[in-house]
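Chemist: Sharing target.cif, mmCIF, C-alpha atoms:
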```cif
data_input
#
loop_
_atom_site.label_atom_id
_atom_site.label_comp_id
_atom_site.auth_asym_id
_atom_site.auth_seq_id
_atom_site.Cartn_x
_atom_site.Cartn_y
_atom_site.Cartn_z
CA MET A 292 -0.46 8.14 72.80
CA ALA A 293 2.87 7.80 70.96
CA LYS A 294 3.00 4.16 72.02
CA ASP A 295 -0.52 3.56 70.65
CA VAL A 296 0.43 5.15 67.33
CA GLY A 297 3.54 2.97 67.14
CA VAL A 298 1.46 -0.15 67.79
CA ALA A 299 -1.07 0.91 65.16
CA GLU A 300 1.68 1.56 62.62
CA GLN A 301 3.27 -1.77 63.39
CA GLY A 302 -0.07 -3.54 62.95
CA SER A 303 -0.78 -1.81 59.63
CA PHE A 304 2.49 -3.15 58.18
CA SER A 305 2.41 -6.57 59.84
CA ALA A 306 1.51 -8.25 56.56
CA LYS A 307 4.73 -6.92 55.05
CA ASP A 308 7.19 -7.67 57.84
CA TYR A 309 10.64 -8.04 56.33
CA HIS A 310 13.34 -10.51 57.19
CA ASP A 311 16.58 -10.93 55.26
CA PRO A 312 16.45 -14.20 53.30
CA PRO A 313 19.18 -16.65 54.30
CA PRO A 314 22.25 -16.62 52.04
CA ALA A 315 22.42 -19.31 49.39
CA PRO A 316 24.79 -22.17 50.23
CA LEU A 317 28.13 -22.07 48.45
CA ILE A 318 27.64 -25.58 47.11
CA ASP A 319 24.20 -27.19 47.08
CA PRO A 320 24.32 -30.71 45.55
CA ASP A 321 20.58 -31.09 46.13
CA GLU A 322 19.93 -28.60 43.32
CA LEU A 323 21.19 -31.13 40.81
CA THR A 324 18.36 -33.50 41.75
CA LYS A 325 15.53 -31.02 41.17
CA TRP A 326 13.66 -30.50 37.90
CA SER A 327 13.19 -26.82 38.75
CA PHE A 328 16.97 -26.38 38.48
CA TYR A 329 17.13 -27.83 34.97
CA ARG A 330 14.02 -25.92 33.97
CA ALA A 331 15.81 -22.74 35.03
CA LEU A 332 18.86 -23.69 32.93
CA ILE A 333 16.64 -24.22 29.89
CA ALA A 334 14.98 -20.85 30.51
CA GLU A 335 18.37 -19.10 30.67
CA PHE A 336 19.56 -20.86 27.51
CA ILE A 337 16.46 -19.98 25.48
CA ALA A 338 16.28 -16.41 26.80
CA THR A 339 19.92 -15.70 25.92
CA LEU A 340 19.46 -17.34 22.51
CA LEU A 341 16.48 -15.09 21.74
CA PHE A 342 18.28 -12.04 23.11
CA LEU A 343 21.28 -12.51 20.82
CA TYR A 344 19.18 -13.45 17.81
CA ILE A 345 17.05 -10.31 17.90
CA THR A 346 19.78 -7.86 18.90
CA VAL A 347 22.52 -9.04 16.53
CA LEU A 348 20.00 -9.16 13.71
CA THR A 349 19.11 -5.54 14.51
CA VAL A 350 22.77 -4.48 14.43
CA ILE A 351 23.41 -6.18 11.09
CA GLY A 352 20.21 -4.82 9.62
CA TYR A 353 21.17 -1.28 10.61
CA LYS A 354 24.64 -1.60 9.04
CA SER A 355 23.08 -2.98 5.86
CA GLN A 356 20.58 -0.11 5.64
CA THR A 357 23.32 2.49 6.01
CA ASP A 358 26.04 0.83 3.89
CA PRO A 359 27.76 3.52 1.75
CA ALA A 360 28.57 0.87 -0.85
CA LYS A 361 24.87 0.56 -1.52
CA GLN A 362 24.50 4.34 -1.72
CA ALA A 363 22.19 3.99 1.25
CA ASP A 364 20.97 6.90 3.31
CA PRO A 365 23.49 7.30 6.17
CA CYS A 366 20.62 8.51 8.34
CA GLY A 367 18.43 5.53 7.45
CA GLY A 368 17.72 2.46 9.51
CA VAL A 369 17.03 2.32 13.20
CA GLY A 370 20.21 4.15 14.20
CA ILE A 371 22.08 3.82 17.49
CA LEU A 372 18.89 4.75 19.32
CA GLY A 373 17.05 1.84 17.72
CA ILE A 374 19.87 -0.59 18.51
CA ALA A 375 19.84 0.53 22.14
CA TRP A 376 16.07 0.03 22.23
CA ALA A 377 16.47 -3.48 20.78
CA PHE A 378 18.88 -4.49 23.55
CA GLY A 379 16.97 -2.81 26.35
CA GLY A 380 13.57 -3.89 25.07
CA MET A 381 14.59 -7.53 24.74
CA ILE A 382 15.99 -7.55 28.26
CA PHE A 383 12.73 -6.09 29.54
CA VAL A 384 10.67 -8.73 27.73
CA LEU A 385 12.89 -11.68 28.60
CA VAL A 386 13.37 -10.76 32.26
CA TYR A 387 9.59 -10.44 32.54
CA CYS A 388 9.12 -13.88 30.94
CA THR A 389 11.80 -15.77 32.88
CA ALA A 390 12.05 -14.03 36.26
CA GLY A 391 9.67 -16.49 37.90
CA ILE A 392 11.55 -19.50 36.51
CA SER A 393 15.26 -18.73 36.63
CA GLY A 394 15.42 -15.20 37.99
CA GLY A 395 15.92 -13.79 34.49
CA HIS A 396 19.69 -13.29 34.63
CA ILE A 397 20.48 -13.67 30.88
CA ASN A 398 23.98 -12.38 31.62
CA PRO A 399 26.99 -14.03 33.32
CA ALA A 400 27.92 -10.69 34.92
CA VAL A 401 24.51 -10.49 36.60
CA THR A 402 24.84 -14.08 37.75
CA PHE A 403 28.34 -13.37 39.07
CA GLY A 404 27.14 -10.33 41.02
CA LEU A 405 24.28 -12.29 42.56
CA PHE A 406 26.67 -15.11 43.45
CA LEU A 407 28.99 -12.69 45.26
CA ALA A 408 25.97 -11.41 47.19
CA ARG A 409 25.09 -15.02 48.11
CA LYS A 410 21.84 -14.90 46.19
CA VAL A 411 22.68 -18.04 44.19
CA SER A 412 24.92 -21.02 44.90
CA LEU A 413 28.19 -21.71 43.12
CA VAL A 414 26.66 -24.70 41.33
CA ARG A 415 23.77 -22.62 40.01
CA ALA A 416 26.04 -19.71 39.06
CA VAL A 417 28.42 -21.90 37.03
CA MET A 418 25.62 -23.77 35.29
CA TYR A 419 23.74 -20.54 34.53
CA MET A 420 26.85 -19.03 32.94
CA ALA A 421 27.37 -22.14 30.83
CA ALA A 422 23.74 -22.09 29.67
CA GLN A 423 23.92 -18.37 28.88
CA CYS A 424 27.12 -18.70 26.85
CA LEU A 425 25.80 -21.69 24.93
CA GLY A 426 22.52 -19.88 24.27
CA ALA A 427 24.39 -16.81 23.02
CA ILE A 428 26.47 -18.86 20.61
CA CYS A 429 23.37 -20.61 19.27
CA GLY A 430 21.48 -17.31 18.95
CA VAL A 431 24.22 -15.69 16.89
CA GLY A 432 24.56 -18.97 14.98
CA LEU A 433 20.95 -18.64 13.85
CA VAL A 434 21.63 -15.13 12.56
CA LYS A 435 24.65 -16.38 10.64
CA LEU A 436 22.67 -19.32 9.28
CA PHE A 437 19.85 -17.14 7.97
CA GLN A 438 21.95 -14.20 6.72
CA LYS A 439 25.48 -15.49 6.24
CA ALA A 440 26.51 -12.97 3.56
CA TYR A 441 25.28 -9.99 5.53
CA TYR A 442 26.64 -11.45 8.77
CA ASN A 443 30.22 -11.69 7.52
CA ARG A 444 30.09 -8.40 5.63
CA TYR A 445 28.83 -6.30 8.52
CA GLY A 446 30.96 -7.55 11.39
CA GLY A 447 28.75 -10.22 12.90
CA GLY A 448 27.62 -7.99 15.73
CA ALA A 449 30.94 -8.62 17.48
CA ASN A 450 32.17 -6.28 20.20
CA GLU A 451 35.37 -4.46 19.28
CA LEU A 452 37.16 -1.45 20.69
CA ALA A 453 36.45 1.47 18.35
CA ALA A 454 39.31 3.26 16.63
CA GLY A 455 40.64 6.21 18.62
CA TYR A 456 39.87 4.73 22.05
CA SER A 457 42.50 3.23 24.32
CA THR A 458 42.16 -0.12 26.02
CA GLY A 459 41.81 1.64 29.36
CA VAL A 460 38.86 3.70 28.12
CA GLY A 461 37.15 0.61 26.73
CA LEU A 462 37.69 -1.31 29.94
CA ALA A 463 36.38 1.59 32.04
CA ALA A 464 33.29 1.86 29.83
CA GLU A 465 32.53 -1.82 30.39
CA ILE A 466 33.13 -1.61 34.15
CA VAL A 467 30.90 1.45 34.64
CA GLY A 468 28.23 0.21 32.24
CA THR A 469 27.99 -3.16 33.98
CA PHE A 470 27.95 -1.46 37.37
CA VAL A 471 24.89 0.52 36.29
CA LEU A 472 23.15 -2.65 35.11
CA VAL A 473 23.95 -4.86 38.10
CA TYR A 474 23.26 -2.08 40.59
CA THR A 475 19.84 -1.67 38.96
CA VAL A 476 19.24 -5.43 39.19
CA PHE A 477 20.01 -5.41 42.92
CA SER A 478 17.81 -2.38 43.54
CA ALA A 479 14.88 -3.58 41.43
CA THR A 480 14.84 -7.04 43.01
CA ASP A 481 15.66 -6.07 46.59
CA PRO A 482 13.41 -8.25 48.81
CA LYS A 483 13.20 -5.44 51.36
CA ARG A 484 11.56 -3.18 48.77
CA SER A 485 9.34 -6.04 47.65
CA ALA A 486 8.11 -6.47 51.21
CA ARG A 487 7.34 -2.76 51.52
CA ASP A 488 5.99 -2.02 48.03
CA SER A 489 3.92 -4.75 46.41
CA HIS A 490 4.27 -3.23 42.93
CA VAL A 491 8.07 -3.52 42.86
CA PRO A 492 8.32 -7.17 41.70
CA ILE A 493 5.95 -6.48 38.82
CA LEU A 494 7.89 -3.43 37.64
CA ALA A 495 11.39 -4.92 38.16
CA PRO A 496 12.00 -5.81 34.47
CA LEU A 497 11.32 -2.22 33.40
CA PRO A 498 14.23 -0.45 35.16
CA ILE A 499 16.56 -3.34 34.27
CA GLY A 500 15.70 -3.05 30.58
CA PHE A 501 15.93 0.73 30.75
CA ALA A 502 19.39 0.50 32.34
CA VAL A 503 20.55 -1.66 29.41
CA PHE A 504 19.08 0.89 27.00
CA MET A 505 20.83 3.84 28.63
CA VAL A 506 24.21 2.10 28.87
CA HIS A 507 24.02 1.18 25.18
CA LEU A 508 23.39 4.81 24.23
CA ALA A 509 26.54 5.82 26.08
CA THR A 510 28.95 3.03 25.13
CA ILE A 511 28.00 1.81 21.64
CA PRO A 512 30.47 4.32 20.11
CA ILE A 513 33.27 3.01 22.36
CA THR A 514 33.01 -0.78 22.53
CA GLY A 515 29.76 -1.59 20.81
CA THR A 516 28.54 -2.20 24.38
CA GLY A 517 29.26 -5.56 25.89
CA ILE A 518 28.24 -5.50 29.60
CA ASN A 519 27.32 -9.15 29.00
CA PRO A 520 30.17 -11.66 28.51
CA ALA A 521 27.82 -14.20 26.92
CA ARG A 522 26.72 -11.66 24.31
CA SER A 523 30.35 -10.84 23.48
CA LEU A 524 31.42 -14.49 23.44
CA GLY A 525 28.58 -15.62 21.18
CA ALA A 526 29.34 -12.96 18.57
CA ALA A 527 33.12 -13.52 18.78
CA VAL A 528 32.82 -17.29 18.36
CA MET A 529 30.57 -17.10 15.31
CA TYR A 530 32.36 -14.16 13.65
CA ASN A 531 35.83 -15.51 14.58
CA ASN A 532 37.78 -12.40 13.58
CA SER A 533 41.21 -11.60 15.03
CA LYS A 534 40.23 -8.06 16.03
CA ALA A 535 37.23 -9.34 17.98
CA TRP A 536 39.43 -11.83 19.83
CA ASP A 537 42.20 -9.29 20.48
CA ASP A 538 39.79 -7.10 22.45
CA HIS A 539 37.71 -9.94 23.86
CA TRP A 540 39.26 -9.97 27.34
CA ILE A 541 37.84 -6.50 27.94
CA PHE A 542 34.33 -7.91 27.70
CA TRP A 543 34.97 -10.39 30.51
CA VAL A 544 37.21 -8.44 32.89
CA GLY A 545 35.12 -5.26 32.58
CA PRO A 546 31.67 -6.76 33.23
CA PHE A 547 32.85 -9.05 36.02
CA SER A 548 34.66 -6.15 37.72
CA GLY A 549 31.62 -3.90 37.40
CA ALA A 550 29.36 -6.62 38.77
CA ALA A 551 31.65 -7.20 41.76
CA ILE A 552 31.73 -3.48 42.58
CA ALA A 553 27.93 -3.24 42.30
CA ALA A 554 27.45 -6.26 44.57
CA PHE A 555 29.79 -4.79 47.18
CA TYR A 556 28.19 -1.35 46.97
CA HIS A 557 24.64 -2.61 47.32
CA GLN A 558 25.22 -5.28 49.96
CA TYR A 559 27.81 -3.60 52.16
CA ILE A 560 27.20 0.13 51.68
CA LEU A 561 23.52 0.62 50.92
CA ARG A 562 22.29 -2.42 52.82
CA ALA A 563 25.03 -2.08 55.48
CA GLY A 564 25.84 -5.78 55.35
CA ALA A 565 29.10 -5.35 57.23
CA PHE A 566 27.36 -3.57 60.10
CA LYS A 567 24.60 -6.18 60.23
CA ALA A 568 27.21 -8.87 60.56
CA LEU A 569 28.59 -7.14 63.68
CA GLY A 570 25.17 -6.28 65.07
CA SER A 571 22.68 -3.50 64.56
CA PHE A 572 23.61 -0.08 65.98
CA ARG A 573 19.96 0.64 66.63
CA SER A 574 19.64 -2.32 68.97
CA ASN A 575 22.68 -1.21 71.00
CA PRO A 576 21.64 1.17 73.79
CA HIS A 577 25.23 2.40 74.27
CA VAL A 578 25.58 3.81 70.72
#
```
Before we go any further, please render this structure as structure tokens.
Modeler:
Amino acid sequence: MAKDVGVAEQGSFSAKDYHDPPPAPLIDPDELTKWSFYRALIAEFIATLLFLYITVLTVIGYKSQTDPAKQADPCGGVGILGIAWAFGGMIFVLVYCTAGISGGHINPAVTFGLFLARKVSLVRAVMYMAAQCLGAICGVGLVKLFQKAYYNRYGGGANELAAGYSTGVGLAAEIVGTFVLVYTVFSATDPKRSARDSHVPILAPLPIGFAVFMVHLATIPITGTGINPARSLGAAVMYNNSKAWDDHWIFWVGPFSGAAIAAFYHQYILRAGAFKALGSFRSNPHV
């Protein structure tokens, strides 16, 4: 009877049998000959451009609406909550739009984490990061072009370590914040969950965007929230202020460290990658 039940259960899930996808090659020259690769680069560039344009514009608009020099209402504007929603909401929208084309990374830290997990090749990872950084610079450039006076007056949306916080605190905030984001990306896009639950791929952009929203609520008062080196680079390049450049290394070391920790945690702790490499305990009758 137990055997029959096991067979029945196996048959009921046969359409969703799961096998680990093969790791991406470290270097895949064939990618450079495919239009789909360049289409993905364009998607990453445009998505990051739109992300920076909307979010930096939101930050500058909020600072303008609450400027004491204008005798503005300090409680006016969208507030930190609205800024966090702008960042998280745009990630939700853009990941939804580009996931089927490029994977919807829109962040060099996400790309780096996926590269460490062998989800993308080195060639794709480097080109994605270049496209994201260029898109970020162009996105902030559009904000500066349209609202140059406001842009320079209100800090250009650049990430800076807030007064009263040490470098160590700022770095830790970026590491933990990026860990939350990249861990969510791994969990939301896990092919094993996709094989088991058909609704997971459709809902994946939602938890990713919500993770960005929550991290911004926590770390805007500390660093302005980077967790995305392209976002920090784009604002720093266009604003070009010494304070922004002095702190800029935090917004690369922190996110890349957080992404690496998240990749290790998901692949080798939760998914037991190290044990799978040595062989499954379940298949060993002597364990």
Chemist: Translate the PyMOL selection byres ((chain A and resi 389) around 12), as applied to the file shown, into an explicit residue set as a list in words.
Modeler: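 Selected by the PyMOL selection byres ((chain A and resi 389) around 12) in this file: Arg330, Ala331, Leu332, Ile333, Ala334, Glu335, Phe336, Ile337, Ala338, Thr339, Met381, Ile382, Phe383, Val384, Leu385, Val386, Tyr387, Cys388, Ala390, Gly391, Ile392, Ser393, Gly394, Gly395, His396, Ile397 and Pro496 of chain A.
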Chemist: Expanded to explicit residues, what is the PyMOL selection byres ((chain A and resi 541) around 12) for this file, as a PyMOL selection string?
Modeler: chain A and resi 450-452+457-466+513-520+523-524+535-540+542-549
Chemist: Take CA of Tyr456 (chain A) and CA of Thr510 (chain A) and report the distance between them in Å, one decimal.
Modeler: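 A separation of 11.5 Å between them.
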Chemist: So which residues touch Tyr474 (chain A) within 9 Å, counting only C-alpha atoms, skipping near sequence neighbours fewer than 4 positions away, as a ChimeraX atom specification?
Modeler: /A:469-470,478-479,550,552-554,556-557
Chemist: Based on the selection just made, write C-alpha atoms of those residues as a short mmCIF file (atom, residue, chain, number, x, y, z; two decimals), in the frame of the given file.
Modeler:
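Output (result.cif):
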```cif
data_model
loop_
_atom_site.label_atom_id
_atom_site.label_comp_id
_atom_site.auth_asym_id
_atom_site.auth_seq_id
_atom_site.Cartn_x
_atom_site.Cartn_y
_atom_site.Cartn_z
CA THR A 469 27.99 -3.16 33.98
CA PHE A 470 27.95 -1.46 37.37
CA SER A 478 17.81 -2.38 43.54
CA ALA A 479 14.88 -3.58 41.43
CA ALA A 550 29.36 -6.62 38.77
CA ILE A 552 31.73 -3.48 42.58
CA ALA A 553 27.93 -3.24 42.30
CA ALA A 554 27.45 -6.26 44.57
CA TYR A 556 28.19 -1.35 46.97
CA HIS A 557 24.64 -2.61 47.32
#
```
Chemist: In Å, rounded to a single decimal, give me how far CA of Tyr441 (chain A) is from CA of Phe378 (chain A).
Modeler: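 Rounded to one decimal, the two atoms are 19.9 Å apart.
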Chemist: Mind giving me the axis-aligned box for region 509-522 of chain A with 8 Å on every side, centre plus edges in Å to one decimal, as JSON?
Modeler:
```
{"center_x": 29.9, "center_y": -4.2, "center_z": 24.9, "size_x": 22.7, "size_y": 36.0, "size_z": 25.5}
```
Chemist: Nearest to Thr349 (chain A) among A:Asn398, A:Thr324, A:Gln423, A:Gln438, with distances taken over only C-alpha atoms: which residue is it?
Modeler: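 Of A:Asn398, A:Thr324, A:Gln423, A:Gln438, the one nearest Thr349 (chain A), counting only C-alpha atoms, is A:Gln438.
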Chemist: Which of these residues is nearest to Ala422 (chain A), using only C-alpha atoms: A:Ala375, A:Thr402, A:Pro312, A:Leu494?
Modeler: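 The shortest atom-to-atom distance to Ala422 (chain A) comes from A:Thr402.
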Chemist: May I ask for the distance between CA of Tyr419 (chain A) and CA of Asp319 (chain A), given in Å to one decimal place?
Modeler: 14.2 Å
Chemist: The PyMOL selection byres ((chain A and resi 472) around 8) on the file shown: which residues, as a ChimeraX atom specification?
Modeler: /A:468-471,473-476,499,502-503,506
Chemist: Set the distance at 10 Å and use all atoms listed in the file: which residues neighbour Arg409 (chain A) once local chain neighbours fewer than 4 positions away are removed? I'd like the list as a PyMOL selection string.
Modeler: chain A and resi 313-317+403-405+413+554+558
Chemist: Using all atoms listed in the file, which of A:Ala527, A:Phe555, A:Ile511, A:Pro320 sits nearest Gly432 (chain A)?
Modeler: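 Nearest to Gly432 (chain A): A:Ala527.
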Chemist: Tell me which of A:Lys361, A:Ala521, A:Gly500, A:Phe328 sits closest to Met418 (chain A), counting all atoms listed in the file.
Modeler: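 Of the candidates, the smallest distance to Met418 (chain A) is held by A:Phe328.
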Chemist: Using all atoms listed in the file, which of the listed residues (A:Pro399, A:Gly352, A:Pro359, A:Gly447) sits closest to Ala377 (chain A)?
Modeler: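 Nearest to Ala377 (chain A): A:Gly352.
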Chemist: Determine the nearest neighbour of Leu497 (chain A) from the options A:Leu341, A:Ile560, A:Thr480, A:Ala416, counting only C-alpha atoms.
Modeler: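 Distance minimum relative to Leu497 (chain A) lands on A:Thr480.
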Chemist: Can you tell me, as a PyMOL selection string, what residues are no more than 9 Å from Leu323 (chain A) when counting only C-alpha atoms, ignoring any on the same chain fewer than 5 positions away?
Modeler: chain A and resi 328-329+414-415
Chemist: I'd like the contact shell of Gly525 (chain A) - 7 Å cut-off, all atoms listed in the file, skipping same-chain residues fewer than 2 positions apart - returned as a list in words.
Modeler: Cys424, Ala427, Ile428, Val431, Ala521, Arg522, Ser523, Ala527, Val528 and Met529 of chain A
